[in-house]
Structure formats: C-alpha cells, structure tokens
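J.: My structure is in model-v1.cif, and what it holds is mmCIF, C-alpha atoms:
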```cif
data_data
#
loop_
_atom_site.group_PDB
_atom_site.id
_atom_site.type_symbol
_atom_site.label_atom_id
_atom_site.label_comp_id
_atom_site.auth_asym_id
_atom_site.auth_seq_id
_atom_site.Cartn_x
_atom_site.Cartn_y
_atom_site.Cartn_z
ATOM 1 C CA MET U 253 52.220 -52.210 -21.923
ATOM 2 C CA SER U 254 53.326 -51.705 -18.333
ATOM 3 C CA GLY U 255 53.505 -47.937 -18.942
ATOM 4 C CA TRP U 256 49.876 -47.866 -20.048
ATOM 5 C CA LEU U 257 48.810 -49.915 -17.030
ATOM 6 C CA TRP U 258 50.608 -47.556 -14.679
ATOM 7 C CA ALA U 259 48.958 -44.565 -16.393
ATOM 8 C CA ILE U 260 45.498 -46.117 -16.166
ATOM 9 C CA GLY U 261 46.097 -47.118 -12.555
ATOM 10 C CA GLY U 262 47.196 -43.570 -11.707
ATOM 11 C CA ALA U 263 44.127 -42.074 -13.362
ATOM 12 C CA VAL U 264 41.819 -44.429 -11.446
ATOM 13 C CA ALA U 265 43.541 -43.574 -8.175
ATOM 14 C CA ALA U 266 43.311 -39.856 -8.886
ATOM 15 C CA SER U 267 39.600 -40.210 -9.715
ATOM 16 C CA ALA U 268 39.035 -42.068 -6.459
ATOM 17 C CA VAL U 269 40.740 -39.338 -4.465
ATOM 18 C CA TRP U 270 38.790 -36.629 -6.285
ATOM 19 C CA GLY U 271 35.523 -38.492 -5.723
ATOM 20 C CA SER U 272 36.282 -38.817 -2.025
ATOM 21 C CA LEU U 273 36.879 -35.093 -1.810
ATOM 22 C CA LEU U 274 33.603 -34.345 -3.559
ATOM 23 C CA PHE U 275 31.683 -36.585 -1.184
ATOM 24 C CA ALA U 276 33.444 -35.045 1.813
ATOM 25 C CA THR U 277 32.662 -31.487 0.714
ATOM 26 C CA GLY U 278 29.139 -32.166 -0.534
ATOM 27 C CA GLY U 279 29.972 -32.046 -4.228
ATOM 28 C CA PHE U 280 27.737 -35.066 -4.887
ATOM 29 C CA SER U 281 25.056 -33.966 -2.417
ATOM 30 C CA SER U 282 21.470 -34.134 -3.635
ATOM 31 C CA GLU U 283 20.479 -31.236 -1.367
ATOM 32 C CA PRO U 284 19.719 -28.048 -3.320
ATOM 33 C CA SER U 285 21.714 -24.947 -2.549
ATOM 34 C CA PRO U 286 19.597 -22.357 -0.708
ATOM 35 C CA ASP U 287 18.753 -19.228 -2.688
ATOM 36 C CA LEU U 288 18.701 -16.556 0.030
ATOM 37 C CA ALA U 289 18.518 -13.766 -2.565
ATOM 38 C CA GLY U 290 21.136 -11.706 -0.747
ATOM 39 C CA TYR U 291 19.294 -11.566 2.580
ATOM 40 C CA GLY U 292 21.251 -11.793 5.806
ATOM 41 C CA TYR U 293 20.529 -12.560 9.429
ATOM 42 C CA THR U 294 20.204 -9.788 11.978
ATOM 43 C CA SER U 295 19.666 -10.275 15.694
ATOM 44 C CA ASP U 296 17.547 -7.096 15.823
ATOM 45 C CA LEU U 297 14.862 -7.120 13.148
ATOM 46 C CA CYS U 298 13.252 -4.066 14.759
ATOM 47 C CA ALA U 299 16.314 -1.991 13.855
ATOM 48 C CA ASP U 300 15.778 -2.864 10.179
ATOM 49 C CA THR U 301 11.980 -2.514 10.198
ATOM 50 C CA SER U 302 10.735 0.622 8.454
ATOM 51 C CA MET U 303 8.253 2.439 10.703
ATOM 52 C CA THR U 304 7.918 5.488 8.442
ATOM 53 C CA PRO U 305 4.476 4.633 6.965
ATOM 54 C CA PHE U 306 3.051 4.113 10.451
ATOM 55 C CA GLU U 307 4.558 7.337 11.746
ATOM 56 C CA ASN U 308 3.086 9.147 8.743
ATOM 57 C CA ALA U 309 -0.313 7.820 9.840
ATOM 58 C CA ASP U 310 0.133 9.483 13.270
ATOM 59 C CA LEU U 311 1.033 6.220 14.985
ATOM 60 C CA LYS U 312 3.845 5.723 17.473
ATOM 61 C CA ALA U 313 5.232 2.924 19.609
ATOM 62 C CA LYS U 314 3.710 2.851 23.069
ATOM 63 C CA ALA U 315 6.065 3.785 25.869
ATOM 64 C CA SER U 316 7.817 0.844 27.532
ATOM 65 C CA THR U 317 6.201 -0.184 30.805
ATOM 66 C CA GLY U 318 9.421 -1.030 32.643
ATOM 67 C CA THR U 319 13.163 -1.505 32.470
ATOM 68 C CA ALA U 320 13.182 -5.305 32.000
ATOM 69 C CA SER U 321 13.624 -6.717 28.495
ATOM 70 C CA LYS U 322 10.159 -8.271 28.666
ATOM 71 C CA ASP U 323 8.697 -4.788 29.114
ATOM 72 C CA ALA U 324 10.481 -3.288 26.106
ATOM 73 C CA ASN U 325 8.534 -1.952 23.152
ATOM 74 C CA PRO U 326 9.296 -2.839 20.451
ATOM 75 C CA GLN U 327 10.605 -6.298 21.304
ATOM 76 C CA HIS U 328 13.003 -8.227 19.087
ATOM 77 C CA SER U 329 14.492 -11.691 19.123
ATOM 78 C CA GLY U 330 16.123 -14.120 16.734
ATOM 79 C CA ALA U 331 17.572 -17.595 16.404
ATOM 80 C CA GLN U 332 20.134 -19.107 14.035
ATOM 81 C CA GLN U 333 19.663 -22.833 13.550
ATOM 82 C CA ALA U 334 20.929 -25.477 11.160
ATOM 83 C CA SER U 335 17.870 -25.359 8.906
ATOM 84 C CA LEU U 336 16.384 -21.934 9.634
ATOM 85 C CA ASP U 337 17.404 -18.444 10.701
ATOM 86 C CA ILE U 338 14.377 -16.704 12.216
ATOM 87 C CA MET U 339 13.969 -13.064 13.230
ATOM 88 C CA TRP U 340 11.060 -11.439 15.073
ATOM 89 C CA CYS U 341 9.950 -7.905 15.860
ATOM 90 C CA ASN U 342 6.757 -7.091 17.774
ATOM 91 C CA THR U 343 5.539 -3.540 18.321
ATOM 92 C CA SER U 344 2.586 -2.138 20.233
ATOM 93 C CA LEU U 345 1.336 1.063 18.577
ATOM 94 C CA GLU U 346 -1.035 3.846 19.489
ATOM 95 C CA LYS U 347 -2.332 7.052 17.970
ATOM 96 C CA LYS U 348 -0.102 10.011 18.797
ATOM 97 C CA ASN U 349 -3.065 11.966 20.159
ATOM 98 C CA ALA U 350 -4.620 9.079 22.096
ATOM 99 C CA SER U 351 -5.787 9.828 25.616
ATOM 100 C CA SER U 352 -5.248 7.537 28.581
ATOM 101 C CA SER U 353 -8.996 6.827 28.662
ATOM 102 C CA ASP U 354 -9.099 5.435 25.122
ATOM 103 C CA TYR U 355 -9.457 1.664 25.062
ATOM 104 C CA SER U 356 -7.656 0.529 21.970
ATOM 105 C CA SER U 357 -4.772 -1.655 20.885
ATOM 106 C CA ILE U 358 -2.679 -1.934 17.744
ATOM 107 C CA TRP U 359 -0.154 -4.722 17.262
ATOM 108 C CA LEU U 360 2.413 -5.042 14.501
ATOM 109 C CA SER U 361 4.270 -8.348 14.314
ATOM 110 C CA ASN U 362 7.040 -9.003 11.757
ATOM 111 C CA THR U 363 8.859 -12.266 11.094
ATOM 112 C CA ALA U 364 11.670 -12.940 8.617
ATOM 113 C CA THR U 365 12.862 -16.494 7.974
ATOM 114 C CA LEU U 366 15.895 -17.681 6.021
ATOM 115 C CA HIS U 367 15.210 -21.255 4.874
ATOM 116 C CA LYS U 368 18.595 -22.980 4.558
ATOM 117 C CA LYS U 369 17.568 -26.588 3.891
ATOM 118 C CA THR U 370 14.157 -26.609 2.193
ATOM 119 C CA ASP U 371 12.727 -24.456 -0.588
ATOM 120 C CA PRO U 372 9.557 -22.778 0.785
ATOM 121 C CA GLY U 373 8.310 -21.991 -2.722
ATOM 122 C CA PRO U 374 6.108 -25.041 -3.464
ATOM 123 C CA GLU U 375 4.015 -24.564 -0.309
ATOM 124 C CA PHE U 376 4.083 -20.793 0.069
ATOM 125 C CA ALA U 377 0.986 -19.827 -1.928
ATOM 126 C CA ASP U 378 -1.144 -22.625 -0.464
ATOM 127 C CA SER U 379 -0.240 -21.599 3.087
ATOM 128 C CA TYR U 380 -1.977 -18.247 2.486
ATOM 129 C CA ARG U 381 -4.702 -19.426 0.107
ATOM 130 C CA SER U 382 -5.793 -21.818 2.857
ATOM 131 C CA TYR U 383 -7.289 -18.875 4.775
ATOM 132 C CA GLU U 384 -10.079 -18.764 2.172
ATOM 133 C CA LYS U 385 -10.825 -22.449 2.781
ATOM 134 C CA GLN U 386 -11.451 -22.160 6.502
ATOM 135 C CA ASP U 387 -14.899 -23.357 7.535
ATOM 136 C CA ALA U 388 -15.365 -20.907 10.376
ATOM 137 C CA SER U 389 -17.495 -17.950 11.412
ATOM 138 C CA THR U 390 -14.681 -15.574 10.434
ATOM 139 C CA GLY U 391 -13.987 -15.239 6.731
ATOM 140 C CA TYR U 392 -10.863 -14.002 4.970
ATOM 141 C CA ARG U 393 -10.081 -12.481 1.598
ATOM 142 C CA VAL U 394 -6.780 -13.449 -0.039
ATOM 143 C CA GLU U 395 -5.233 -11.600 -2.953
ATOM 144 C CA ALA U 396 -1.901 -11.755 -4.739
ATOM 145 C CA VAL U 397 0.317 -8.680 -4.388
ATOM 146 C CA PRO U 398 2.518 -7.884 -7.414
ATOM 147 C CA GLY U 399 5.923 -6.279 -7.149
ATOM 148 C CA LEU U 400 7.014 -7.753 -3.812
ATOM 149 C CA GLY U 401 9.617 -10.528 -3.955
ATOM 150 C CA ASP U 402 8.956 -13.580 -6.103
ATOM 151 C CA GLU U 403 5.396 -13.791 -4.801
ATOM 152 C CA ALA U 404 3.318 -12.130 -2.108
ATOM 153 C CA PHE U 405 -0.177 -12.440 -0.670
ATOM 154 C CA LEU U 406 -2.407 -10.185 1.383
ATOM 155 C CA VAL U 407 -4.879 -11.780 3.790
ATOM 156 C CA THR U 408 -7.667 -9.558 5.146
ATOM 157 C CA ARG U 409 -10.294 -10.559 7.663
ATOM 158 C CA LYS U 410 -13.761 -9.828 6.330
ATOM 159 C CA ASP U 411 -15.800 -7.240 8.210
ATOM 160 C CA ASP U 412 -18.099 -9.042 10.620
ATOM 161 C CA GLY U 413 -20.354 -6.024 11.152
ATOM 162 C CA SER U 414 -19.186 -5.449 14.708
ATOM 163 C CA THR U 415 -19.831 -2.048 16.270
ATOM 164 C CA SER U 416 -16.198 -1.840 17.367
ATOM 165 C CA SER U 417 -13.411 -0.707 15.079
ATOM 166 C CA SER U 418 -11.077 -3.611 14.416
ATOM 167 C CA SER U 419 -9.127 -5.209 11.601
ATOM 168 C CA TYR U 420 -6.716 -8.059 10.975
ATOM 169 C CA VAL U 421 -4.341 -8.039 8.002
ATOM 170 C CA ILE U 422 -1.456 -10.329 7.032
ATOM 171 C CA LEU U 423 1.136 -9.675 4.347
ATOM 172 C CA GLY U 424 3.267 -12.662 3.322
ATOM 173 C CA ILE U 425 6.252 -12.352 0.969
ATOM 174 C CA ARG U 426 8.639 -14.930 -0.500
ATOM 175 C CA ASP U 427 11.866 -13.893 -2.203
ATOM 176 C CA GLY U 428 13.956 -16.939 -3.072
ATOM 177 C CA TRP U 429 14.244 -18.996 0.098
ATOM 178 C CA MET U 430 13.510 -16.034 2.334
ATOM 179 C CA THR U 431 9.993 -15.566 3.677
ATOM 180 C CA TYR U 432 8.651 -12.491 5.430
ATOM 181 C CA GLN U 433 5.359 -11.995 7.211
ATOM 182 C CA SER U 434 3.946 -8.773 8.616
ATOM 183 C CA THR U 435 0.765 -8.995 10.685
ATOM 184 C CA TRP U 436 -1.445 -6.077 11.700
ATOM 185 C CA SER U 437 -4.122 -6.361 14.383
ATOM 186 C CA ASN U 438 -6.074 -3.481 15.865
ATOM 187 C CA TYR U 439 -9.088 -3.020 18.093
ATOM 188 C CA ALA U 440 -10.869 0.007 19.505
ATOM 189 C CA SER U 441 -14.081 0.176 21.481
ATOM 190 C CA SER U 442 -17.023 2.088 20.051
ATOM 191 C CA SER U 443 -16.484 4.787 22.690
ATOM 192 C CA SER U 444 -12.882 5.459 21.638
ATOM 193 C CA SER U 445 -12.263 9.032 20.512
ATOM 194 C CA THR U 446 -9.429 8.191 18.128
ATOM 195 C CA LYS U 447 -10.011 7.083 14.555
ATOM 196 C CA GLN U 448 -8.452 3.715 13.826
ATOM 197 C CA PRO U 449 -6.844 2.883 10.448
ATOM 198 C CA THR U 450 -9.040 0.838 8.150
ATOM 199 C CA ALA U 451 -7.970 -2.582 6.868
ATOM 200 C CA ASP U 452 -7.136 -1.045 3.478
ATOM 201 C CA GLU U 453 -5.011 1.645 5.129
ATOM 202 C CA ALA U 454 -3.247 -0.974 7.223
ATOM 203 C CA ALA U 455 -2.539 -3.050 4.103
ATOM 204 C CA THR U 456 -0.971 -0.046 2.382
ATOM 205 C CA MET U 457 1.239 0.629 5.415
ATOM 206 C CA LEU U 458 2.346 -3.015 5.586
ATOM 207 C CA LYS U 459 3.322 -3.080 1.912
ATOM 208 C CA THR U 460 5.199 0.214 2.095
ATOM 209 C CA SER U 461 7.044 -0.855 5.253
ATOM 210 C CA ALA U 462 7.914 -4.288 3.834
ATOM 211 C CA THR U 463 9.395 -2.800 0.665
ATOM 212 C CA GLU U 464 11.921 -0.732 2.630
ATOM 213 C CA THR U 465 12.513 -3.380 5.306
ATOM 214 C CA LEU U 466 13.459 -6.043 2.765
ATOM 215 C CA LYS U 467 15.922 -3.665 1.128
ATOM 216 C CA ARG U 468 17.580 -3.188 4.498
ATOM 217 C CA LEU U 469 17.708 -6.931 5.159
ATOM 218 C CA GLN U 470 19.460 -7.493 1.848
ATOM 219 C CA ASN U 471 22.165 -5.127 3.028
ATOM 220 C CA SER U 472 22.444 -6.651 6.492
ATOM 221 C CA ARG U 473 25.263 -8.830 7.765
ATOM 222 C CA SER U 474 25.169 -11.327 10.582
ATOM 223 C CA ARG U 475 25.240 -9.221 13.696
#
```
Could you spell out this file's structure in structure tokens?
T.:
Amino acid sequence: MSGWLWAIGGAVAASAVWGSLLFATGGFSSEPSPDLAGYGYTSDLCADTSMTPFENADLKAKASTGTASKDANPQHSGAQQASLDIMWCNTSLEKKNASSSDYSSIWLSNTATLHKKTDPGPEFADSYRSYEKQDASTGYRVEAVPGLGDEAFLVTRKDDGSTSSSSYVILGIRDGWMTYQSTWSNYASSSSSTKQPTADEAATMLKTSATETLKRLQNSRSR
C-alpha cells in the first residue's frame, strides 16, 4: 500500500512541476500564436520595395533636396514593439521628362505591419469596405483583388470631374497576420505638359510592385 501511495504522490508532484513549467512558458496561454506567414522585419522597407513597375512607366524618385535625413527621398523608418512591428517607405516621384516648370506631385507610401498579438483578419475587409460607406462629397470604389495574400482590396477615389489630373488609389493586402498597404496619390495642374498615370494604371503598378515586394519581405531577416 505504501508503495502505491508513494507512486501516486510522485506522479502528482511531477504533474505539478510540469504544470508550473507550462504556465511559466505560456503552454497554457489563451493567446493565439501569430501567423506571420514567413514575413520578417526590416528597418529599411524602401530597400525591399520593388520600383520596377514605376520605372517602366517613366517615373523616377525626385532628387533629394538636402543632406539631412529629413530631406532624403525615398524616406524609410520602422519600429519594433511588443505587439506590432511596423515598417514605412515614402517616395516622391516624377516623370523622367518633367520640366522644372511643371506643377505636379506623385506620392507613393508603403506600410508593412507584423501583428504579433492580435489577428487582423476579422476586421481587415471591413476596414477597406468602409470607404464605400463614407457620407462625403468624395466617393470611393472598393473591389476585392484575387491572388494577393489571403485577401486584398483596391480602393479608388471616384473621378470628381475636376479639370486637373489627379488620382488616389489604395491597395491593402493581408497575408496571415501581416498587413501591407500601398497608397498612390498624384496631382498635376491642367497646364502641366507631362501625362500623368491614370487611376487604373496606378492600380496595376501598385499590384505588380506589391507582388515582388512581399516576396522580398518573406526572405528578409531582422536587420
């Protein structure tokens, strides 16, 4: 009898120790494990951003206006935090044959976010579909984009009939717990001599760039 009691007591003690280890290491944690789909953090998202489709459209980054980091073009930044790793890349573009007298601007802004605590999936679609619900003078068209990540949406500002050439396009992609957004904004006065890309052309460039950029991010390591 005493042998059985010692055996039972030993098993209970071992279970208690094992349970303590599980609690200490998060084995009993209710928090889901983040699915980052192989994506990694990089401190320079611009280095991983594919500019080929824009270059093929005769666009180039504007020359930097100074030597300070705030004057750089493109500009990159990033932050690693407990719940999120966020990476940014902003680029000011211009037509390769643009003259100094042309009044125009083209902005490309890319953001990649690694969600480490909360699954962005349940809210992702609604965050882009909400553009169609805005009760404002500016309207937007939202459409699903197949073949990019787990889900992707393209948001295009509707033409307001302005005499100037301008467009605003957003591409949002979710792949696991990684989200990526690429935003295009361009404006040119009616007197500008350079032809600006249309919203449809901009959308094609964003999708082509994102496809290659995400491949590069999956191969990146924290650096």
J.: Can you work out the spacing between CA of Ala313 (chain U) and CA of Thr465 (chain U) in Å, to one decimal?
T.: 17.2 Å
J.: Could you jot down the CA of Pro326 (chain U) to CA of Arg426 (chain U) separation for me, Å, one decimal place?
T.: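 That distance, rounded to one decimal, is 24.2 Å.
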J.: Between CA of Asp452 (chain U) and CA of Cys298 (chain U), measure the distance and give it in Å to one decimal.
T.: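 Separation of CA of Asp452 (chain U) and CA of Cys298 (chain U): 23.5 Å.
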J.: So which one's closest to Gly424 (chain U), U:Val394, U:Leu288, U:Ala454, U:Met339? Using all atoms listed in the file, please.
T.: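 Once distances to Gly424 (chain U) are computed over all atoms listed in the file, the minimum belongs to U:Val394.
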J.: Taking only C-alpha atoms into account, which of U:Tyr420, U:Tyr392, U:Tyr291, U:Trp340 comes nearest Leu458 (chain U)?
T.: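 Ranked by minimum distance to Leu458 (chain U), first place goes to U:Tyr420.
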J.: List the neighbours of Gly330 (chain U) out to 9 Å using only C-alpha atoms; skip same-chain residues closer than 2 positions along the sequence, and give me the result as a CSV table (one decimal) with C-alpha atoms, in the coordinates of the input.
T.:
```csv
chain,number,residue,atom,x,y,z
U,293,TYR,CA,20.5,-12.6,9.4
U,294,THR,CA,20.2,-9.8,12.0
U,295,SER,CA,19.7,-10.3,15.7
U,296,ASP,CA,17.5,-7.1,15.8
U,297,LEU,CA,14.9,-7.1,13.1
U,328,HIS,CA,13.0,-8.2,19.1
U,332,GLN,CA,20.1,-19.1,14.0
U,337,ASP,CA,17.4,-18.4,10.7
U,338,ILE,CA,14.4,-16.7,12.2
U,339,MET,CA,14.0,-13.1,13.2
U,340,TRP,CA,11.1,-11.4,15.1
U,341,CYS,CA,10.0,-7.9,15.9
```
J.: Using the chain letters and numbers from the file, give me the residues hit by the PyMOL selection byres ((chain U and resi 373) around 12), as a short mmCIF file (atom, residue, chain, number, x, y, z; two decimals) with C-alpha atoms, keeping the file's coordinate frame.
T.:
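Contents of out.cif, as written:
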```cif
data_model
loop_
_atom_site.label_atom_id
_atom_site.label_comp_id
_atom_site.auth_asym_id
_atom_site.auth_seq_id
_atom_site.Cartn_x
_atom_site.Cartn_y
_atom_site.Cartn_z
CA PRO U 286 19.60 -22.36 -0.71
CA ASP U 287 18.75 -19.23 -2.69
CA HIS U 367 15.21 -21.26 4.87
CA THR U 370 14.16 -26.61 2.19
CA ASP U 371 12.73 -24.46 -0.59
CA PRO U 372 9.56 -22.78 0.78
CA PRO U 374 6.11 -25.04 -3.46
CA GLU U 375 4.01 -24.56 -0.31
CA PHE U 376 4.08 -20.79 0.07
CA ALA U 377 0.99 -19.83 -1.93
CA ASP U 378 -1.14 -22.62 -0.46
CA SER U 379 -0.24 -21.60 3.09
CA GLY U 401 9.62 -10.53 -3.96
CA ASP U 402 8.96 -13.58 -6.10
CA GLU U 403 5.40 -13.79 -4.80
CA ALA U 404 3.32 -12.13 -2.11
CA ILE U 425 6.25 -12.35 0.97
CA ARG U 426 8.64 -14.93 -0.50
CA ASP U 427 11.87 -13.89 -2.20
CA GLY U 428 13.96 -16.94 -3.07
CA TRP U 429 14.24 -19.00 0.10
CA MET U 430 13.51 -16.03 2.33
CA THR U 431 9.99 -15.57 3.68
#
```
J.: Select, from U:Ala451, U:Leu466, U:Val407, U:Ile358, the residue with the minimum atom-to-atom distance to Ser382 (chain U), counting all atoms listed in the file.
T.: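 Looking only at the distances to Ser382 (chain U), the closest residue turns out to be U:Val407.
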J.: Could you check the closest approach to Trp359 (chain U) for each of U:Leu336, U:Ala462, U:Leu311, U:Ala320 and tell me which residue wins, using only C-alpha atoms?
T.: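 Residue with the minimum atom-to-atom distance to Trp359 (chain U): U:Leu311.
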J.: Could you check the closest approach to Ala350 (chain U) for each of U:Gln433, U:Thr446, U:Ala324, U:Phe306 and tell me which residue wins, using only C-alpha atoms?
T.: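 The closest residue to Ala350 (chain U) is U:Thr446.
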J.: Around (8.1, 0.0, 7.8) in the file's own coordinates, what residues are found within 10 Å if you use all atoms listed in the file, given back as a list in words?
T.: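 I get Cys298, Asp300, Thr301, Ser302, Met303, Thr304, Pro305, Phe306, Glu307, Asn362, Ser434, Met457, Leu458, Lys459, Thr460, Ser461, Ala462, Thr463, Glu464, Thr465 and Leu466 of chain U for the residues within 10 Å of that point.
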J.: Assuming the chain letters and numbering stay as they are in my file, what does the PyMOL selection byres ((chain U and resi 310) around 9) actually select? List them as an NGL selection string.
T.: :U and (306-309 or 311-312 or 346-349)
